[in-house]
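Colleague: Before I ask anything, here is the structure I am working with.
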Amino acid sequence: MDFLPVNINIRNRKILLVGGGRVALHKATILQRFVTDVTVLAPRFAEGFEELPFTFLCKSYEEGDLEGYQLLYICTDDHELNRRIKEHAGTAGIFATVCDAPALCDFTSPAILKKDNLTISVATDGKEVKRAIVIRNRIQELIKMVHYKSINRATHSLSEREACLRDTKLQEDTPGIFLKTCNRIEFYYGEGEVPEELIRHLFRVTSGLESSLIGERAVQGQVKEAYRLAAGRFKLSSSLHKLFQSALATGKRVRSETAISQGAVSHSLAVIELLSRQPLCLSNAVITVIGVNKLTRDTLLFLKNKGAFTLFLANRSVEKARLLAGSVGCEVRSLREKRELFALSDVVISATSAPHTLICPEDLVPGQKQIIFDLAFPRDVEETVRDIPGITLFNLEDIEIQMDRNRVGRAAEIVRAETIIEEAIGQFRESVRRGKVYQPVKWTGKAIKT
């Protein structure tokens with residue numbers, strides 16, 4: 001028997017599956033991975049068919065039922081009926097496969113491995129089905145791999161990253177780790193081998209070498225939080241657990257053994273440095289900070305240390321704002337009062353997690369001299385605010401451009417950090433080679449040292 005291995009485009013082709021037993025259910029379950037336009041015909045159906053997205057005809061088979069179909073799966077529990085249906089299919093010119101008679105098949109269903117755009121099939125002309133499955137499973141083990149997708153400041157502008165964030169719709173049932181920072185949107189998923197390029201990338205990200213502010217500390221916490229959330233939501237692969245635990249340990253080592261994180265290496269410090277270049281006396285300025293989070297807390301503390309006196313903290317939730325204001329010493333206002341606050345303020349610093357802009361030209365006083373820092377991703381301030389006379393607007397890209405020069409000043413520390421990362425990659429590879437088992441972290445809500 002000769003079979004030609006081909007891929008058939010089944011779009012707009014009508015497929016009929018005859019049979020309602022366990023064998024038919026198994027075949028239907030495989031089919032639904034590739035196509036939903038299938039009709040299943042049988043006088044009764046085994047439990048489980050109701051979960052499939054197919055059309056069901058509850059009736060006994062008749063020869064006229066084949067009309068209009070191009071592919072036929074014959075899977076009843078009646079051997080004689082299967083052969084009779086195959087004869088009818090041959091007369092009608094319909095390609096058919098018979099579950100219990102490989103010699104009668106016009107085509108066979110191989111053991112299939114499908115991953116993204118890759119399809120691998122193992123066929124034995126229907127004679128050694130179990131052997132085909134074993135070989136398919138061995139191939140699956142060989143090609144298992146951890147993957148990642150990255151949208152970052154090096155490859156995409158701020159506007160493009162915002163658009164990507166709006167359009168990103170991760171599948172709810174896809175186990176993986178979603179990392180979102182000011183600079184990047186990344187998704188890590190899969191199991192098995194971890195490519196060295198991926199290991200190096202995540203180790204560099206966690207160590208702050210891929211940040212716009214080289215060595216910044218915030219990304220270590222962001223990676224840790226992304227891992228914590230994913231570990232609590234999904235049953236992650238052991239490869240992902242090992243990868244992220246190693247990345248966090250590497251980031252901690254880089255910061256403890258080098259001076260990479262000394263100096264202005266956070267967005268809050270960058271704001272203070274940029275403010276120091278403006279013709280402004282902080283002790284006399286009215287400053288409004290919007291949002292309650294670590295970034296705004298650090299910014300308020302730095303402003304206090306630099307002599308800022310009149311500070312307002314605005315937030316949608318006044319209760320949350322009061323908790324932060326009490327620890328840093330500033331006045332609290334509701335975000336509903338933003339226009340009144342802006343009219344009083346010399347400086348506005350906004351860093352919320354809102355999915356939409358909060359500050360538009362209509363909120364500001366034309367002609368008023370004002371410095372606005374937009375530290376949010378996606379942005380809190382409409383870009384058209386930049387065109388208002390008297391307004392000086394710094395968004396994330398502006399701040400990162402201003403601070404890129406810190407890379408030159410940290411050149412020696414970068415080299416030391418990269419040496420540590422290469423050592424860590426070697427240790428990671430050696431632990432994999434030895435088959436060292438990393439136990440998944442059990443998140444209990446308590447802080448875990450990394």
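Chain lettering (A, B, ...) mirrors the order of the structure tokens, residue numbering begins at 1 for each chain separately, and ligand numbering begins at 1 in order of display.
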Excluding same-chain residues fewer than 6 positions from region 2-12 of chain A, what lies within 9 Å of it counting only C-alpha atoms, as a PyMOL selection string?
Modeller: chain A and resi 35+37+71+106-108+123+125
Colleague: Could you pull out the strand (DSSP E or B) residues of region 294-358 of chain A from DSSP and send them as a VMD selection string?
Modeller: chain A and resid 310 to 315 331 to 334 347 to 350
Colleague: Skip region 177-189 of chain A itself and residues of its chain fewer than 3 positions away, then list as a ChimeraX atom specification all residues within 8 Å of it, counting only C-alpha atoms.
Modeller: /A:146-153,161,165,174,211-212,219,222-223,226-227,230,240,376-377,396
Colleague: Write out as a list in words each polymer residue whose atoms come within 7 Å of Thr288 (chain A), counting only C-alpha atoms; drop sequence neighbours fewer than 2 positions from it.
Modeller: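 Contacts, with the query itself left out: Val286, Ile290, Leu311, Phe312, Leu313, Ser345, Val347, Val348 and Ile349 of chain A.
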Colleague: Closest to Ala28 (chain A) among A:Arg44, A:Glu160, A:Pro53, A:Gly426, using only C-alpha atoms?
Modeller: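 Selected residue with least distance to Ala28 (chain A): A:Pro53.
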Colleague: Just want the 12 Å neighbourhood of Glu50 (chain A), counted on only C-alpha atoms, with same-chain residues fewer than 3 positions away dropped. Output as a VMD selection string.
Modeller: chain A and resid 20 25 28 to 29 40 44 to 47 53 to 56
Colleague: Any chance you could list, as a PyMOL selection string, the residues in region 107-229 of chain A that come up helix (DSSP H, G or I) when DSSP is run on the backbone?
Modeller: chain A and resi 129-143+158-167+196-207+218-229
Colleague: Can I get the selected residues back with N, CA and C atoms, as a compact mmCIF listing (two decimals), in the first residue's frame?
Modeller:
```
# COMPACT_ATOMS: atom_id res chain seq x y z
N VAL A 129 0.23 1.81 14.98
CA VAL A 129 -0.21 3.08 15.56
C VAL A 129 0.55 3.38 16.85
N LYS A 130 0.69 2.39 17.72
CA LYS A 130 1.36 2.62 19.00
C LYS A 130 2.82 3.02 18.81
N ARG A 131 3.47 2.39 17.83
CA ARG A 131 4.86 2.73 17.55
C ARG A 131 4.97 4.17 17.07
N ALA A 132 4.04 4.60 16.23
CA ALA A 132 4.04 5.98 15.73
C ALA A 132 3.89 6.96 16.89
N ILE A 133 3.03 6.63 17.84
CA ILE A 133 2.81 7.51 19.00
C ILE A 133 4.06 7.59 19.85
N VAL A 134 4.73 6.46 20.06
CA VAL A 134 5.97 6.45 20.85
C VAL A 134 7.04 7.34 20.20
N ILE A 135 7.19 7.20 18.90
CA ILE A 135 8.19 8.02 18.18
C ILE A 135 7.82 9.49 18.25
N ARG A 136 6.52 9.79 18.05
CA ARG A 136 6.06 11.19 18.15
C ARG A 136 6.39 11.77 19.52
N ASN A 137 6.15 11.00 20.58
CA ASN A 137 6.41 11.49 21.94
C ASN A 137 7.90 11.72 22.18
N ARG A 138 8.73 10.87 21.59
CA ARG A 138 10.18 11.06 21.74
C ARG A 138 10.62 12.35 21.05
N ILE A 139 10.08 12.60 19.89
CA ILE A 139 10.38 13.85 19.17
C ILE A 139 9.93 15.05 20.00
N GLN A 140 8.76 14.92 20.61
CA GLN A 140 8.23 16.01 21.43
C GLN A 140 9.20 16.36 22.56
N GLU A 141 9.78 15.35 23.18
CA GLU A 141 10.74 15.60 24.25
C GLU A 141 11.97 16.33 23.72
N LEU A 142 12.37 15.98 22.50
CA LEU A 142 13.58 16.57 21.93
C LEU A 142 13.40 18.05 21.60
N ILE A 143 12.21 18.45 21.18
CA ILE A 143 12.02 19.84 20.72
C ILE A 143 11.39 20.73 21.78
N LEU A 158 7.99 54.42 22.58
CA LEU A 158 7.02 54.42 23.68
C LEU A 158 5.60 54.25 23.15
N SER A 159 5.27 54.95 22.06
CA SER A 159 3.92 54.83 21.48
C SER A 159 3.65 53.42 21.01
N GLU A 160 4.67 52.79 20.39
CA GLU A 160 4.50 51.41 19.90
C GLU A 160 4.34 50.44 21.06
N ARG A 161 5.06 50.67 22.16
CA ARG A 161 4.93 49.79 23.32
C ARG A 161 3.55 49.93 23.95
N GLU A 162 3.05 51.17 23.98
CA GLU A 162 1.70 51.39 24.51
C GLU A 162 0.66 50.69 23.65
N ALA A 163 0.80 50.79 22.33
CA ALA A 163 -0.14 50.13 21.42
C ALA A 163 -0.09 48.62 21.61
N CYS A 164 1.12 48.10 21.79
CA CYS A 164 1.28 46.65 21.99
C CYS A 164 0.59 46.23 23.28
N LEU A 165 0.74 47.03 24.32
CA LEU A 165 0.11 46.70 25.60
C LEU A 165 -1.41 46.69 25.47
N ARG A 166 -1.95 47.63 24.71
CA ARG A 166 -3.41 47.67 24.50
C ARG A 166 -3.88 46.47 23.71
N ASP A 167 -3.07 46.04 22.74
CA ASP A 167 -3.48 44.96 21.84
C ASP A 167 -3.16 43.58 22.38
N GLU A 196 20.54 29.49 25.42
CA GLU A 196 21.50 30.34 26.12
C GLU A 196 21.22 31.82 25.89
N GLU A 197 20.78 32.17 24.68
CA GLU A 197 20.45 33.57 24.39
C GLU A 197 19.34 34.07 25.31
N LEU A 198 18.36 33.20 25.60
CA LEU A 198 17.25 33.58 26.49
C LEU A 198 17.75 33.74 27.93
N ILE A 199 18.59 32.82 28.38
CA ILE A 199 19.14 32.91 29.74
C ILE A 199 19.88 34.23 29.91
N ARG A 200 20.75 34.53 28.95
CA ARG A 200 21.55 35.75 29.03
C ARG A 200 20.65 36.99 29.05
N HIS A 201 19.62 36.97 28.21
CA HIS A 201 18.71 38.12 28.15
C HIS A 201 18.03 38.36 29.49
N LEU A 202 17.43 37.33 30.08
CA LEU A 202 16.72 37.52 31.35
C LEU A 202 17.68 37.88 32.48
N PHE A 203 18.86 37.28 32.51
CA PHE A 203 19.84 37.62 33.55
C PHE A 203 20.25 39.09 33.42
N ARG A 204 20.41 39.58 32.20
CA ARG A 204 20.77 40.99 31.99
C ARG A 204 19.62 41.92 32.38
N VAL A 205 18.40 41.52 32.02
CA VAL A 205 17.23 42.33 32.39
C VAL A 205 17.14 42.44 33.91
N THR A 206 17.22 41.32 34.61
CA THR A 206 17.07 41.31 36.06
C THR A 206 18.22 42.06 36.75
N SER A 207 19.39 42.05 36.14
CA SER A 207 20.54 42.76 36.71
C SER A 207 20.53 44.25 36.40
N ALA A 218 14.64 48.78 40.54
CA ALA A 218 13.22 48.44 40.48
C ALA A 218 12.94 47.18 39.67
N VAL A 219 13.72 46.93 38.63
CA VAL A 219 13.44 45.80 37.74
C VAL A 219 13.59 44.47 38.46
N GLN A 220 14.48 44.39 39.45
CA GLN A 220 14.62 43.15 40.23
C GLN A 220 13.29 42.81 40.90
N GLY A 221 12.67 43.81 41.52
CA GLY A 221 11.38 43.60 42.16
C GLY A 221 10.28 43.30 41.16
N GLN A 222 10.35 43.91 39.98
CA GLN A 222 9.32 43.68 38.96
C GLN A 222 9.40 42.25 38.42
N VAL A 223 10.62 41.75 38.21
CA VAL A 223 10.78 40.37 37.76
C VAL A 223 10.29 39.41 38.84
N LYS A 224 10.63 39.71 40.09
CA LYS A 224 10.21 38.85 41.20
C LYS A 224 8.68 38.82 41.32
N GLU A 225 8.04 39.98 41.17
CA GLU A 225 6.58 40.05 41.29
C GLU A 225 5.90 39.33 40.12
N ALA A 226 6.46 39.48 38.91
CA ALA A 226 5.90 38.78 37.75
C ALA A 226 5.98 37.27 37.96
N TYR A 227 7.09 36.80 38.47
CA TYR A 227 7.27 35.36 38.75
C TYR A 227 6.31 34.90 39.84
N ARG A 228 6.18 35.70 40.88
CA ARG A 228 5.28 35.34 41.99
C ARG A 228 3.84 35.20 41.51
N LEU A 229 3.38 36.16 40.73
CA LEU A 229 2.00 36.12 40.24
C LEU A 229 1.77 34.91 39.34
```
Colleague: Kindly give the distance, in Å, that separates CA of Glu87 (chain A) and CA of Glu63 (chain A), rounded to a single decimal.
Modeller: 9.9 Å
Colleague: Skipping near chain neighbours, those fewer than 4 positions away, what residues fall within 12 Å of Val415 (chain A) using only C-alpha atoms, listed as a PyMOL selection string?
Modeller: chain A and resi 204+209+254+258-260+407-411+419-422
Colleague: Using only C-alpha atoms, which of the listed residues (A:Glu331, A:Glu337, A:Asp77, A:Glu423) sits closest to Cys99 (chain A)?
Modeller: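 Checking each of A:Glu331, A:Glu337, A:Asp77, A:Glu423 against Cys99 (chain A), counting only C-alpha atoms, the winner is A:Asp77.
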Colleague: CA of Ala351 (chain A) and CA of Ala285 (chain A), how far apart in Å?
Modeller: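 Between CA of Ala285 (chain A) and CA of Ala351 (chain A) the gap works out to 19.4 Å.
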Colleague: Rank nothing, just name the residue among A:Thr352, A:Ser256, A:Leu248, A:Ser283 nearest to Leu295 (chain A), using only C-alpha atoms.
Modeller: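 Going through A:Thr352, A:Ser256, A:Leu248, A:Ser283 one by one, the smallest distance to Leu295 (chain A) is for A:Thr352.
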Colleague: Which residues, written as number ranges by chain, have at least one atom at most 10 Å from Ser317 (chain A), with only C-alpha atoms counted and residues fewer than 6 positions away on the same chain left out?
Modeller: A: 291-292, 333-335
